[in-house]
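Peer 1: Contents are compact mmCIF, C-alpha atoms; file name run00.txt:
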# COMPACT_ATOMS: atom_id res chain seq x y z
CA MET V 1 2.33 -15.28 10.59
CA PRO V 2 5.20 -17.62 11.48
CA ALA V 3 8.12 -16.34 13.51
CA THR V 4 11.68 -17.26 12.63
CA ASP V 5 14.45 -18.15 15.06
CA PRO V 6 17.01 -15.42 15.95
CA GLN V 7 20.61 -15.22 14.81
CA GLN V 8 20.21 -16.66 11.33
CA THR V 9 22.47 -15.81 8.43
CA ILE V 10 20.11 -16.01 5.47
CA LEU V 11 20.86 -16.08 1.75
CA VAL V 12 17.93 -15.31 -0.54
CA THR V 13 18.48 -15.92 -4.24
CA GLY V 14 16.15 -14.16 -6.65
CA ALA V 15 15.83 -11.41 -4.07
CA ASN V 16 14.39 -8.93 -6.61
CA GLY V 17 11.51 -11.15 -7.70
CA GLN V 18 7.96 -11.07 -6.39
CA ASP V 19 8.57 -13.71 -3.72
CA GLY V 20 12.12 -12.63 -3.00
CA ALA V 21 11.07 -9.05 -2.29
CA TYR V 22 8.30 -10.14 0.08
CA LEU V 23 10.65 -12.58 1.81
CA VAL V 24 13.44 -10.04 2.24
CA GLU V 25 10.90 -7.53 3.53
CA ARG V 26 9.82 -10.06 6.16
CA LEU V 27 13.32 -11.02 7.21
CA VAL V 28 14.87 -7.55 7.54
CA GLY V 29 12.39 -6.74 10.30
CA GLU V 30 13.76 -9.58 12.39
CA ASP V 31 17.10 -10.21 14.03
CA HIS V 32 18.85 -11.80 11.05
CA GLU V 33 21.78 -11.13 8.80
CA VAL V 34 20.16 -11.09 5.36
CA HIS V 35 22.03 -11.47 2.07
CA GLY V 36 20.31 -11.02 -1.29
CA LEU V 37 21.60 -12.58 -4.49
CA CYS V 38 20.72 -10.66 -7.66
CA HIS V 39 21.26 -11.36 -11.34
CA SER V 40 22.70 -7.93 -12.17
CA ASP V 41 24.40 -4.87 -10.66
CA GLU V 42 21.26 -2.88 -11.43
CA GLY V 43 19.14 -5.35 -9.49
CA ALA V 44 21.54 -5.29 -6.56
CA ALA V 45 21.41 -1.49 -6.50
CA ARG V 46 17.59 -1.53 -6.40
CA LEU V 47 17.63 -4.07 -3.59
CA ALA V 48 20.15 -2.06 -1.57
CA ALA V 49 18.11 1.11 -2.03
CA ALA V 50 14.94 -0.61 -0.81
CA PHE V 51 16.61 -2.51 2.05
CA PRO V 52 19.86 -0.79 3.16
CA SER V 53 20.59 -3.46 5.79
CA VAL V 54 20.68 -6.28 3.22
CA VAL V 55 24.10 -7.35 1.94
CA THR V 56 23.83 -7.69 -1.84
CA HIS V 57 25.66 -10.11 -4.13
CA VAL V 58 25.66 -10.42 -7.92
CA SER V 59 25.84 -13.84 -9.52
CA ASP V 60 23.84 -16.38 -11.50
CA LEU V 61 22.67 -19.95 -10.89
CA ALA V 62 24.42 -20.90 -14.14
CA ASP V 63 27.77 -19.82 -12.65
CA THR V 64 29.26 -22.67 -10.58
CA ALA V 65 32.20 -20.62 -9.30
CA GLY V 66 29.88 -17.74 -8.46
CA MET V 67 27.62 -19.98 -6.41
CA VAL V 68 30.54 -21.46 -4.49
CA ASP V 69 32.12 -18.05 -3.85
CA THR V 70 28.83 -16.61 -2.60
CA VAL V 71 28.11 -19.48 -0.22
CA VAL V 72 31.70 -19.50 1.10
CA SER V 73 31.68 -15.75 1.73
CA VAL V 74 28.20 -15.59 3.28
CA ARG V 75 28.40 -18.84 5.29
CA PRO V 76 24.59 -18.98 5.52
CA THR V 77 22.64 -21.00 8.04
CA HIS V 78 19.56 -20.79 5.79
CA ILE V 79 19.22 -20.60 2.01
CA TYR V 80 16.02 -19.78 0.13
CA ASN V 81 16.49 -20.52 -3.56
CA LEU V 82 13.92 -18.43 -5.42
CA ALA V 83 16.11 -17.52 -8.39
CA GLY V 84 15.38 -18.06 -12.06
CA ASN V 85 12.82 -16.91 -14.57
CA THR V 86 9.32 -17.99 -13.55
CA SER V 87 7.70 -17.65 -16.97
CA VAL V 88 6.51 -20.96 -18.40
CA GLU V 89 6.03 -19.28 -21.78
CA ARG V 90 9.66 -18.12 -21.80
CA SER V 91 10.84 -21.67 -21.11
CA TRP V 92 9.52 -22.71 -24.53
CA GLN V 93 11.63 -19.98 -26.14
CA PHE V 94 14.81 -20.85 -24.20
CA PRO V 95 14.57 -24.53 -23.18
CA THR V 96 18.31 -25.16 -22.77
CA GLU V 97 18.79 -22.05 -20.65
CA THR V 98 15.79 -23.11 -18.58
CA ALA V 99 17.26 -26.56 -18.03
CA ASP V 100 20.61 -25.13 -16.96
CA VAL V 101 19.37 -22.34 -14.68
CA LEU V 102 16.25 -23.90 -13.16
CA GLY V 103 17.32 -27.55 -13.31
CA VAL V 104 21.07 -27.69 -12.77
CA GLY V 105 21.38 -24.28 -11.07
CA PRO V 106 19.85 -25.41 -7.76
CA VAL V 107 22.24 -28.38 -7.73
CA ARG V 108 25.18 -25.98 -7.91
CA LEU V 109 23.77 -24.18 -4.89
CA LEU V 110 22.96 -27.42 -3.03
CA GLU V 111 26.47 -28.75 -3.55
CA ALA V 112 28.05 -25.51 -2.36
CA ALA V 113 25.83 -25.60 0.74
CA TRP V 114 26.66 -29.26 1.36
CA ARG V 115 30.40 -28.58 1.19
CA LEU V 116 30.02 -25.68 3.64
CA GLN V 117 28.08 -27.91 6.02
CA GLU V 118 30.71 -30.64 5.79
CA THR V 119 33.66 -28.29 6.41
CA SER V 120 32.03 -26.14 9.10
CA SER V 121 30.16 -28.91 10.96
CA ARG V 122 27.20 -26.52 11.07
CA GLU V 123 23.76 -27.27 9.64
CA VAL V 124 22.78 -25.40 6.51
CA ARG V 125 19.03 -25.43 5.84
CA PHE V 126 17.95 -25.23 2.20
CA LEU V 127 14.56 -24.35 0.69
CA GLN V 128 13.92 -24.90 -3.01
CA ALA V 129 11.07 -23.02 -4.66
CA SER V 130 9.56 -25.90 -6.62
CA SER V 131 6.44 -25.62 -8.78
CA ALA V 132 3.10 -27.27 -9.46
CA GLU V 133 4.28 -27.47 -13.07
CA ILE V 134 6.26 -30.57 -12.08
CA PHE V 135 2.96 -32.52 -12.07
CA GLY V 136 2.08 -31.60 -15.65
CA ASP V 137 -1.27 -32.69 -17.06
CA THR V 138 -1.84 -35.20 -14.28
CA LEU V 139 -5.10 -37.07 -13.79
CA ASP V 140 -4.70 -36.77 -10.00
CA VAL V 141 -6.89 -33.94 -8.70
CA PRO V 142 -6.00 -32.60 -6.23
CA GLN V 143 -2.27 -33.23 -6.40
CA ARG V 144 -0.39 -34.40 -3.31
CA GLU V 145 3.32 -34.61 -2.58
CA GLN V 146 3.28 -38.25 -3.75
CA THR V 147 1.54 -37.50 -7.07
CA PRO V 148 3.69 -38.77 -10.00
CA ARG V 149 5.54 -35.96 -11.75
CA ILE V 150 4.79 -35.84 -15.49
CA PRO V 151 5.88 -32.34 -16.61
CA VAL V 152 4.70 -31.12 -20.01
CA THR V 153 6.74 -27.91 -20.29
CA PRO V 154 10.49 -27.16 -20.25
CA TYR V 155 9.88 -25.15 -17.09
CA GLY V 156 8.15 -28.06 -15.38
CA ALA V 157 10.83 -30.54 -16.47
CA ALA V 158 13.65 -28.36 -15.15
CA LYS V 159 11.84 -27.80 -11.86
CA SER V 160 11.18 -31.52 -11.59
CA PHE V 161 14.89 -32.34 -11.87
CA ALA V 162 15.78 -29.77 -9.20
CA HIS V 163 12.98 -31.14 -7.02
CA GLU V 164 14.43 -34.66 -7.34
CA MET V 165 17.91 -33.45 -6.44
CA VAL V 166 16.64 -31.77 -3.28
CA GLY V 167 15.45 -35.22 -2.23
CA VAL V 168 18.87 -36.68 -3.07
CA TYR V 169 20.65 -34.17 -0.83
CA ARG V 170 18.05 -34.67 1.90
CA ALA V 171 18.78 -38.39 1.85
CA ARG V 172 22.46 -37.50 2.04
CA GLY V 173 21.85 -35.82 5.39
CA MET V 174 20.99 -32.21 4.50
CA HIS V 175 18.00 -30.30 5.85
CA ALA V 176 16.71 -29.68 2.31
CA SER V 177 13.03 -29.08 1.55
CA SER V 178 10.95 -28.23 -1.50
CA ALA V 179 8.02 -25.84 -1.40
CA ILE V 180 5.81 -26.98 -4.30
CA LEU V 181 4.32 -23.59 -5.10
CA TYR V 182 1.03 -23.25 -6.91
CA ASN V 183 0.07 -20.02 -8.68
CA HIS V 184 0.47 -17.12 -6.30
CA GLU V 185 -0.01 -13.51 -7.22
CA SER V 186 0.23 -9.97 -5.89
CA PRO V 187 0.45 -6.39 -7.15
CA ARG V 188 4.19 -7.00 -7.50
CA ARG V 189 3.66 -9.60 -10.23
CA PRO V 190 4.92 -8.38 -13.67
CA GLU V 191 2.26 -7.61 -16.28
CA SER V 192 3.59 -10.42 -18.48
CA PHE V 193 1.78 -12.87 -16.18
CA VAL V 194 -1.88 -13.52 -16.91
CA ALA V 195 -3.25 -12.64 -13.46
CA ARG V 196 -1.61 -9.19 -13.48
CA LYS V 197 -2.47 -8.74 -17.15
CA ILE V 198 -6.13 -9.25 -16.22
CA SER V 199 -6.12 -7.01 -13.14
CA ARG V 200 -4.32 -4.22 -15.00
CA GLY V 201 -6.54 -4.63 -18.05
CA ALA V 202 -9.76 -4.44 -16.04
CA ALA V 203 -8.50 -1.37 -14.22
CA LYS V 204 -7.53 0.38 -17.46
CA ILE V 205 -10.86 -0.37 -19.12
CA SER V 206 -12.84 0.85 -16.11
CA LEU V 207 -10.90 4.15 -16.18
CA GLY V 208 -11.39 4.61 -19.92
CA LEU V 209 -7.68 4.08 -20.65
CA SER V 210 -8.29 1.01 -22.82
CA ASN V 211 -11.15 -0.82 -24.46
CA ARG V 212 -9.68 -4.26 -25.10
CA LEU V 213 -8.00 -7.11 -23.19
CA VAL V 214 -6.42 -9.88 -25.29
CA LEU V 215 -5.97 -13.28 -23.63
CA GLY V 216 -5.15 -16.87 -24.53
CA ASN V 217 -6.86 -19.94 -23.10
CA ILE V 218 -9.20 -18.84 -20.31
CA ASP V 219 -10.59 -22.29 -19.55
CA VAL V 220 -7.57 -23.73 -17.72
CA HIS V 221 -7.92 -24.03 -13.95
CA ARG V 222 -5.34 -22.97 -11.40
CA ASP V 223 -5.06 -22.94 -7.62
CA TRP V 224 -4.41 -19.25 -6.95
CA GLY V 225 -3.02 -17.86 -3.69
CA TYR V 226 -1.55 -14.64 -2.32
CA ALA V 227 2.24 -14.28 -2.58
CA PRO V 228 2.86 -13.00 1.00
CA ASP V 229 0.97 -16.03 2.33
CA TYR V 230 3.22 -18.31 0.29
CA VAL V 231 6.33 -16.57 1.62
CA ASP V 232 5.03 -17.29 5.12
CA ALA V 233 4.66 -20.92 4.05
CA MET V 234 8.29 -21.08 2.94
CA ILE V 235 9.45 -19.69 6.28
CA THR V 236 7.28 -22.23 8.07
CA ILE V 237 8.73 -25.09 6.02
CA LEU V 238 12.34 -24.14 6.65
CA ALA V 239 11.66 -23.68 10.36
CA SER V 240 10.22 -27.19 10.66
CA SER V 241 12.37 -29.75 12.43
CA LYS V 242 11.71 -32.25 9.61
CA ALA V 243 12.89 -31.52 6.09
CA ASP V 244 10.38 -32.66 3.47
CA ASP V 245 8.40 -31.71 0.37
CA TYR V 246 5.33 -29.56 0.98
CA ILE V 247 2.57 -28.48 -1.37
CA VAL V 248 1.82 -24.77 -0.96
CA ALA V 249 -1.70 -24.21 -2.25
CA THR V 250 -5.19 -23.17 -1.19
CA GLY V 251 -6.82 -26.44 -2.21
CA ARG V 252 -9.34 -24.70 -4.49
CA ALA V 253 -9.11 -24.22 -8.26
CA HIS V 254 -10.56 -21.41 -10.35
CA SER V 255 -10.44 -20.88 -14.10
CA VAL V 256 -8.83 -17.93 -15.83
CA ARG V 257 -12.37 -17.14 -16.96
CA GLN V 258 -13.43 -16.78 -13.32
CA PHE V 259 -10.45 -14.52 -12.66
CA VAL V 260 -11.54 -12.27 -15.53
CA GLN V 261 -15.16 -12.23 -14.40
CA THR V 262 -14.22 -11.40 -10.80
CA ALA V 263 -11.83 -8.62 -11.84
CA PHE V 264 -14.34 -6.94 -14.15
CA SER V 265 -17.14 -7.34 -11.62
CA TYR V 266 -15.02 -5.52 -9.03
CA VAL V 267 -14.82 -2.45 -11.29
CA GLY V 268 -18.55 -2.60 -12.06
CA ILE V 269 -18.41 -4.22 -15.52
CA ASP V 270 -20.71 -7.22 -15.86
CA ASP V 271 -20.50 -7.68 -19.66
CA TRP V 272 -16.79 -8.46 -19.61
CA GLU V 273 -17.07 -10.53 -22.81
CA ALA V 274 -17.55 -7.29 -24.74
CA TYR V 275 -14.02 -6.23 -23.81
CA VAL V 276 -12.09 -9.51 -23.96
CA THR V 277 -10.66 -11.03 -27.14
CA ILE V 278 -9.36 -14.60 -27.22
CA ASP V 279 -6.26 -15.05 -29.37
CA ARG V 280 -5.33 -18.68 -30.01
CA ALA V 281 -1.81 -17.53 -30.86
CA LEU V 282 -1.40 -16.93 -27.13
CA TYR V 283 -2.21 -20.56 -26.24
CA ARG V 284 0.78 -22.46 -24.87
CA PRO V 285 2.10 -25.51 -26.79
CA ALA V 286 1.13 -27.58 -23.73
CA ASP V 287 -0.75 -26.40 -20.69
CA PRO V 288 -1.92 -28.46 -17.72
CA LYS V 289 -5.70 -28.21 -17.58
CA GLN V 290 -6.25 -28.35 -13.83
CA LEU V 291 -3.60 -27.80 -11.19
CA VAL V 292 -4.98 -27.78 -7.65
CA GLY V 293 -2.98 -28.83 -4.63
CA ASP V 294 -3.79 -30.55 -1.36
CA PRO V 295 -1.96 -28.56 1.36
CA ALA V 296 -2.77 -31.01 4.18
CA ARG V 297 0.89 -31.72 5.00
CA LEU V 298 1.69 -28.00 5.22
CA ARG V 299 -1.46 -27.34 7.26
CA SER V 300 -0.14 -29.85 9.80
CA LEU V 301 2.64 -27.31 10.48
CA GLY V 302 0.03 -24.66 11.30
CA TRP V 303 0.01 -22.74 8.01
CA ARG V 304 -3.23 -21.31 6.64
CA PRO V 305 -3.77 -18.83 3.77
CA SER V 306 -5.12 -15.46 4.90
CA VAL V 307 -6.50 -14.34 1.52
CA ASP V 308 -9.06 -16.22 -0.59
CA PHE V 309 -9.47 -16.10 -4.37
CA GLU V 310 -11.95 -13.22 -4.53
CA GLN V 311 -9.92 -11.15 -2.05
CA LEU V 312 -6.77 -11.78 -4.09
CA VAL V 313 -8.38 -10.51 -7.29
CA HIS V 314 -9.74 -7.46 -5.48
CA ILE V 315 -6.32 -6.66 -3.95
CA MET V 316 -4.68 -6.76 -7.37
CA VAL V 317 -7.31 -4.73 -9.19
CA GLU V 318 -7.43 -2.12 -6.42
CA ALA V 319 -3.64 -1.75 -6.52
CA ASP V 320 -3.74 -1.24 -10.29
CA LEU V 321 -6.56 1.28 -10.01
CA ALA V 322 -4.55 3.25 -7.46
CA SER V 323 -1.40 3.09 -9.57
CA LEU V 324 -3.18 4.26 -12.72
CA ARG V 325 -4.94 7.10 -10.90
CA GLU V 326 -1.64 8.29 -9.38
CA HIS V 327 0.00 8.18 -12.81
CA ASP V 328 -2.88 10.06 -14.37
CA SER V 329 -2.72 12.75 -11.68
CA GLY V 330 0.96 13.25 -12.30
CA PHE V 331 1.89 12.01 -8.83
CA ALA V 332 4.44 9.21 -8.64
CA PRO V 333 4.97 7.75 -5.17
CA ALA V 334 8.55 7.37 -3.96
CA LEU V 335 10.00 3.88 -4.31
Would it be possible to restate this file's structure as structure tokens?

Peer 2:
Amino acid sequence: MPATDPQQTILVTGANGQDGAYLVERLVGEDHEVHGLCHSDEGAARLAAAFPSVVTHVSDLADTAGMVDTVVSVRPTHIYNLAGNTSVERSWQFPTETADVLGVGPVRLLEAAWRLQETSSREVRFLQASSAEIFGDTLDVPQREQTPRIPVTPYGAAKSFAHEMVGVYRARGMHASSAILYNHESPRRPESFVARKISRGAAKISLGLSNRLVLGNIDVHRDWGYAPDYVDAMITILASSKADDYIVATGRAHSVRQFVQTAFSYVGIDDWEAYVTIDRALYRPADPKQLVGDPARLRSLGWRPSVDFEQLVHIMVEADLASLREHDSGFAPAL
């Protein structure tokens, strides 16, 4: 696990999300001043309750004045931009919002950070949470940092623009890096995402709480990793002396079908096909068939994933089993 340097003032946007929560959890245990940016007062209250030492802020990447005010007041030495909806499906429903928040939003934050750096004569390091979706339905397998970006979704297109602008500010003299994140999951992933939908569904069926799991296309391949490992990767990238783009991936692809099979096998169900229904209405308008990354550049910094695909699936299913059993017993653990 990478260590971070002392005496940092860190701004984490999207601090209530899966990655943001793991990152904040890591940083509060170290000698840093941590600020968390949330989308709502409710989110800020939840963050403050979970991490009393974190200074909370409420704003939105679509709000230029809000971004400037936050950066000016915090005066961060390090910024992790993890904000914005991470649902590719939702980007098809709200493409203009996606373009503004995920595409232009990071530029608002980059420009505010650049102005702070210029006026304070102090380096501001910036990490953009980019996405494998920027590569689209590429023929390059595995993908590398130099792979041409041909996004096929509004989400991927917005992320691609932000990714390009990080490079622009890096060329301008800013320590700005992109972590090109491949699929990474954990028990903190919302059930609207397919990996958590599968782990929760398998757990429910094994406990007799359900008899059906409805999925879309299960023959797409993804490079799945464990979210805390990917948070460690982001810390490693920002700590590097050289700003650059880094693919964060395991280097191995598995299909959604394999995820289903592994999850059901863990709960002792071998005939998973008897419980799974494929609904073509759940297919995306466009969906890259095989996204698998080559993490060689990141590995050169010393990063390695600690959890493999099978372990990841087991962690998620076991967490859902425990949660469902606690709920069924009437015991709800304190948050």

Peer 1: Would you mind telling me which residue in V:Leu110, V:Leu181, V:Ala319, V:Val101 lies nearest to Phe135 (chain V) when using all atoms listed in the file?

Peer 2: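 With all atoms listed in the file as the atom set, the closest residue is V:Leu181.
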
Peer 1: Rounded to one decimal in Å, what is the spacing between CA of Thr86 (chain V) and CA of Val152 (chain V)?

Peer 2: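 About the pair CA of Thr86 (chain V) and CA of Val152 (chain V): they are 15.3 Å apart.
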
Peer 1: Would you mind listing what lies within 8 Å of Ala243 (chain V) as a VMD selection string, with all atoms listed in the file counted and same-chain residues fewer than 4 positions away left out?

Peer 2: chain V and resid 170 175 to 177 237 to 238

Peer 1: Taking 3 positions as the minimum chain separation for residues in the same chain, which residues sit within 10 Å of Glu318 (chain V) when counting only C-alpha atoms? Answer as a list of chain:residue names.

Peer 2: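 Contacts, with the query itself left out: V:Pro187, V:Ser199, V:Arg200, V:Ala203, V:Ala263, V:Tyr266, V:Val267, V:Leu312, V:Val313, V:His314, V:Ile315, V:Leu321, V:Ala322, V:Ser323, V:Leu324.
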
Peer 1: Quick one: residues within 9 Å of region 7-16 of chain V, all atoms listed in the file, excluding same-chain residues fewer than 5 positions away - as number ranges by chain?

Peer 2: V: 21-24, 27, 31-39, 43-44, 46-47, 61, 71, 74-84

Peer 1: Quote the spacing between CA of Ala179 (chain V) and CA of Ile247 (chain V) in Å to one decimal place.

Peer 2: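 Rounded to one decimal, the two atoms are 6.1 Å apart.
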
Peer 1: Extract, using all atoms listed in the file, all DNA, RNA and protein residues at most 8 Å from region 300-311 of chain V, discarding same-chain residues fewer than 5 positions from it, and format them as a list in words.

Peer 2: Trp224, Gly225, Tyr226, Asp229, Tyr230, Asp232, Ala233, Thr236, Ile237, Ser240, Thr250 and Thr262 of chain V

Peer 1: I'd like the box whose edges run along x, y and z of the file and which contains every listed atom of region 94-109 of chain V, padded by 4 Å per side; could you state its centre and edge lengths in Å, one decimal, as JSON?

Peer 2:
{"center_x": 19.9, "center_y": -24.6, "center_z": -14.5, "size_x": 18.6, "size_y": 15.5, "size_z": 27.3}

Peer 1: Restricting the calculation to all atoms listed in the file: of V:Asn211, V:Ala157, V:Gln117, V:Asp328, which residue gets closest to Arg172 (chain V)?

Peer 2: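 Of V:Asn211, V:Ala157, V:Gln117, V:Asp328, the one nearest Arg172 (chain V), counting all atoms listed in the file, is V:Gln117.
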
Peer 1: Do a neighbour search on Gly268 (chain V) at 12 Å with only C-alpha atoms, toss out local chain neighbours closer than 2 positions, and write the hits as a PyMOL selection string.

Peer 2: chain V and resi 202-203+205-207+261-266+270-272+317

Peer 1: Under the rule that all atoms listed in the file are counted, which of V:Ile150, V:Leu209, V:Ala49, V:Ala62 is the nearest residue to Arg325 (chain V)?

Peer 2: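 That would be V:Leu209, the residue with the smallest distance to Arg325 (chain V).
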
Peer 1: Would you mind telling me which residue in V:Gly103, V:Gly293, V:Pro288, V:Pro228 lies nearest to Gln18 (chain V) when using only C-alpha atoms?

Peer 2: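 With only C-alpha atoms as the atom set, the closest residue is V:Pro228.
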
Peer 1: Between V:Asp69, V:Glu89, V:Glu97, V:Glu118, single out the one closest to Gly216 (chain V), counting all atoms listed in the file.

Peer 2: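 Closest to Gly216 (chain V) of all the choices is V:Glu89.
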
Peer 1: Just the number, please: distance in Å from CA of Asp294 (chain V) to CA of Val231 (chain V), one decimal.

Peer 2: 17.5 Å

Peer 1: V:Ala171, V:Val72, V:Ile269, V:Ala286: which is nearest Gly156 (chain V), counting all atoms listed in the file?

Peer 2: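 Looking at the shortest contact to Gly156 (chain V), the residue is V:Ala286.
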
Peer 1: Assuming the input is short of atoms at region 191-205 of chain V, produce N, CA, C and O atoms for that part as a PDB file, in the coordinates of the input.

Peer 2:
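Dumped everything to part.pdb:
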ATOM      1  N   GLU V 191       3.440  -7.589 -15.415  1.00  0.00           N
ATOM      2  CA  GLU V 191       2.260  -7.610 -16.280  1.00  0.00           C
ATOM      3  C   GLU V 191       2.328  -8.696 -17.352  1.00  0.00           C
ATOM      4  O   GLU V 191       1.334  -8.966 -18.019  1.00  0.00           O
ATOM      5  N   SER V 192       3.483  -9.343 -17.513  1.00  0.00           N
ATOM      6  CA  SER V 192       3.590 -10.420 -18.480  1.00  0.00           C
ATOM      7  C   SER V 192       2.865 -11.683 -18.002  1.00  0.00           C
ATOM      8  O   SER V 192       2.622 -12.604 -18.788  1.00  0.00           O
ATOM      9  N   PHE V 193       2.504 -11.735 -16.726  1.00  0.00           N
ATOM     10  CA  PHE V 193       1.780 -12.870 -16.180  1.00  0.00           C
ATOM     11  C   PHE V 193       0.284 -12.623 -16.269  1.00  0.00           C
ATOM     12  O   PHE V 193      -0.189 -11.506 -16.065  1.00  0.00           O
ATOM     13  N   VAL V 194      -0.475 -13.689 -16.549  1.00  0.00           N
ATOM     14  CA  VAL V 194      -1.880 -13.520 -16.910  1.00  0.00           C
ATOM     15  C   VAL V 194      -2.695 -12.871 -15.797  1.00  0.00           C
ATOM     16  O   VAL V 194      -3.580 -12.041 -16.074  1.00  0.00           O
ATOM     17  N   ALA V 195      -2.451 -13.207 -14.541  1.00  0.00           N
ATOM     18  CA  ALA V 195      -3.250 -12.640 -13.460  1.00  0.00           C
ATOM     19  C   ALA V 195      -3.091 -11.111 -13.407  1.00  0.00           C
ATOM     20  O   ALA V 195      -4.079 -10.379 -13.290  1.00  0.00           O
ATOM     21  N   ARG V 196      -1.852 -10.640 -13.515  1.00  0.00           N
ATOM     22  CA  ARG V 196      -1.610  -9.190 -13.480  1.00  0.00           C
ATOM     23  C   ARG V 196      -2.091  -8.546 -14.779  1.00  0.00           C
ATOM     24  O   ARG V 196      -2.586  -7.404 -14.776  1.00  0.00           O
ATOM     25  N   LYS V 197      -1.973  -9.255 -15.880  1.00  0.00           N
ATOM     26  CA  LYS V 197      -2.470  -8.740 -17.150  1.00  0.00           C
ATOM     27  C   LYS V 197      -3.974  -8.485 -17.046  1.00  0.00           C
ATOM     28  O   LYS V 197      -4.489  -7.471 -17.537  1.00  0.00           O
ATOM     29  N   ILE V 198      -4.675  -9.395 -16.384  1.00  0.00           N
ATOM     30  CA  ILE V 198      -6.130  -9.250 -16.220  1.00  0.00           C
ATOM     31  C   ILE V 198      -6.452  -8.111 -15.274  1.00  0.00           C
ATOM     32  O   ILE V 198      -7.310  -7.265 -15.571  1.00  0.00           O
ATOM     33  N   SER V 199      -5.801  -8.059 -14.124  1.00  0.00           N
ATOM     34  CA  SER V 199      -6.120  -7.010 -13.140  1.00  0.00           C
ATOM     35  C   SER V 199      -5.817  -5.629 -13.702  1.00  0.00           C
ATOM     36  O   SER V 199      -6.596  -4.688 -13.535  1.00  0.00           O
ATOM     37  N   ARG V 200      -4.693  -5.508 -14.396  1.00  0.00           N
ATOM     38  CA  ARG V 200      -4.320  -4.220 -15.000  1.00  0.00           C
ATOM     39  C   ARG V 200      -5.276  -3.864 -16.129  1.00  0.00           C
ATOM     40  O   ARG V 200      -5.696  -2.703 -16.264  1.00  0.00           O
ATOM     41  N   GLY V 201      -5.629  -4.877 -16.940  1.00  0.00           N
ATOM     42  CA  GLY V 201      -6.540  -4.630 -18.050  1.00  0.00           C
ATOM     43  C   GLY V 201      -7.911  -4.173 -17.589  1.00  0.00           C
ATOM     44  O   GLY V 201      -8.493  -3.239 -18.150  1.00  0.00           O
ATOM     45  N   ALA V 202      -8.449  -4.834 -16.571  1.00  0.00           N
ATOM     46  CA  ALA V 202      -9.760  -4.440 -16.040  1.00  0.00           C
ATOM     47  C   ALA V 202      -9.717  -3.039 -15.473  1.00  0.00           C
ATOM     48  O   ALA V 202     -10.657  -2.247 -15.665  1.00  0.00           O
ATOM     49  N   ALA V 203      -8.636  -2.708 -14.780  1.00  0.00           N
ATOM     50  CA  ALA V 203      -8.500  -1.370 -14.220  1.00  0.00           C
ATOM     51  C   ALA V 203      -8.435  -0.312 -15.314  1.00  0.00           C
ATOM     52  O   ALA V 203      -9.103   0.739 -15.234  1.00  0.00           O
ATOM     53  N   LYS V 204      -7.652  -0.574 -16.354  1.00  0.00           N
ATOM     54  CA  LYS V 204      -7.530   0.380 -17.460  1.00  0.00           C
ATOM     55  C   LYS V 204      -8.867   0.594 -18.163  1.00  0.00           C
ATOM     56  O   LYS V 204      -9.253   1.741 -18.474  1.00  0.00           O
ATOM     57  N   ILE V 205      -9.576  -0.479 -18.422  1.00  0.00           N
ATOM     58  CA  ILE V 205     -10.860  -0.370 -19.120  1.00  0.00           C
ATOM     59  C   ILE V 205     -11.863   0.404 -18.285  1.00  0.00           C
ATOM     60  O   ILE V 205     -12.618   1.245 -18.795  1.00  0.00           O
TER      61      ILE V 205
END
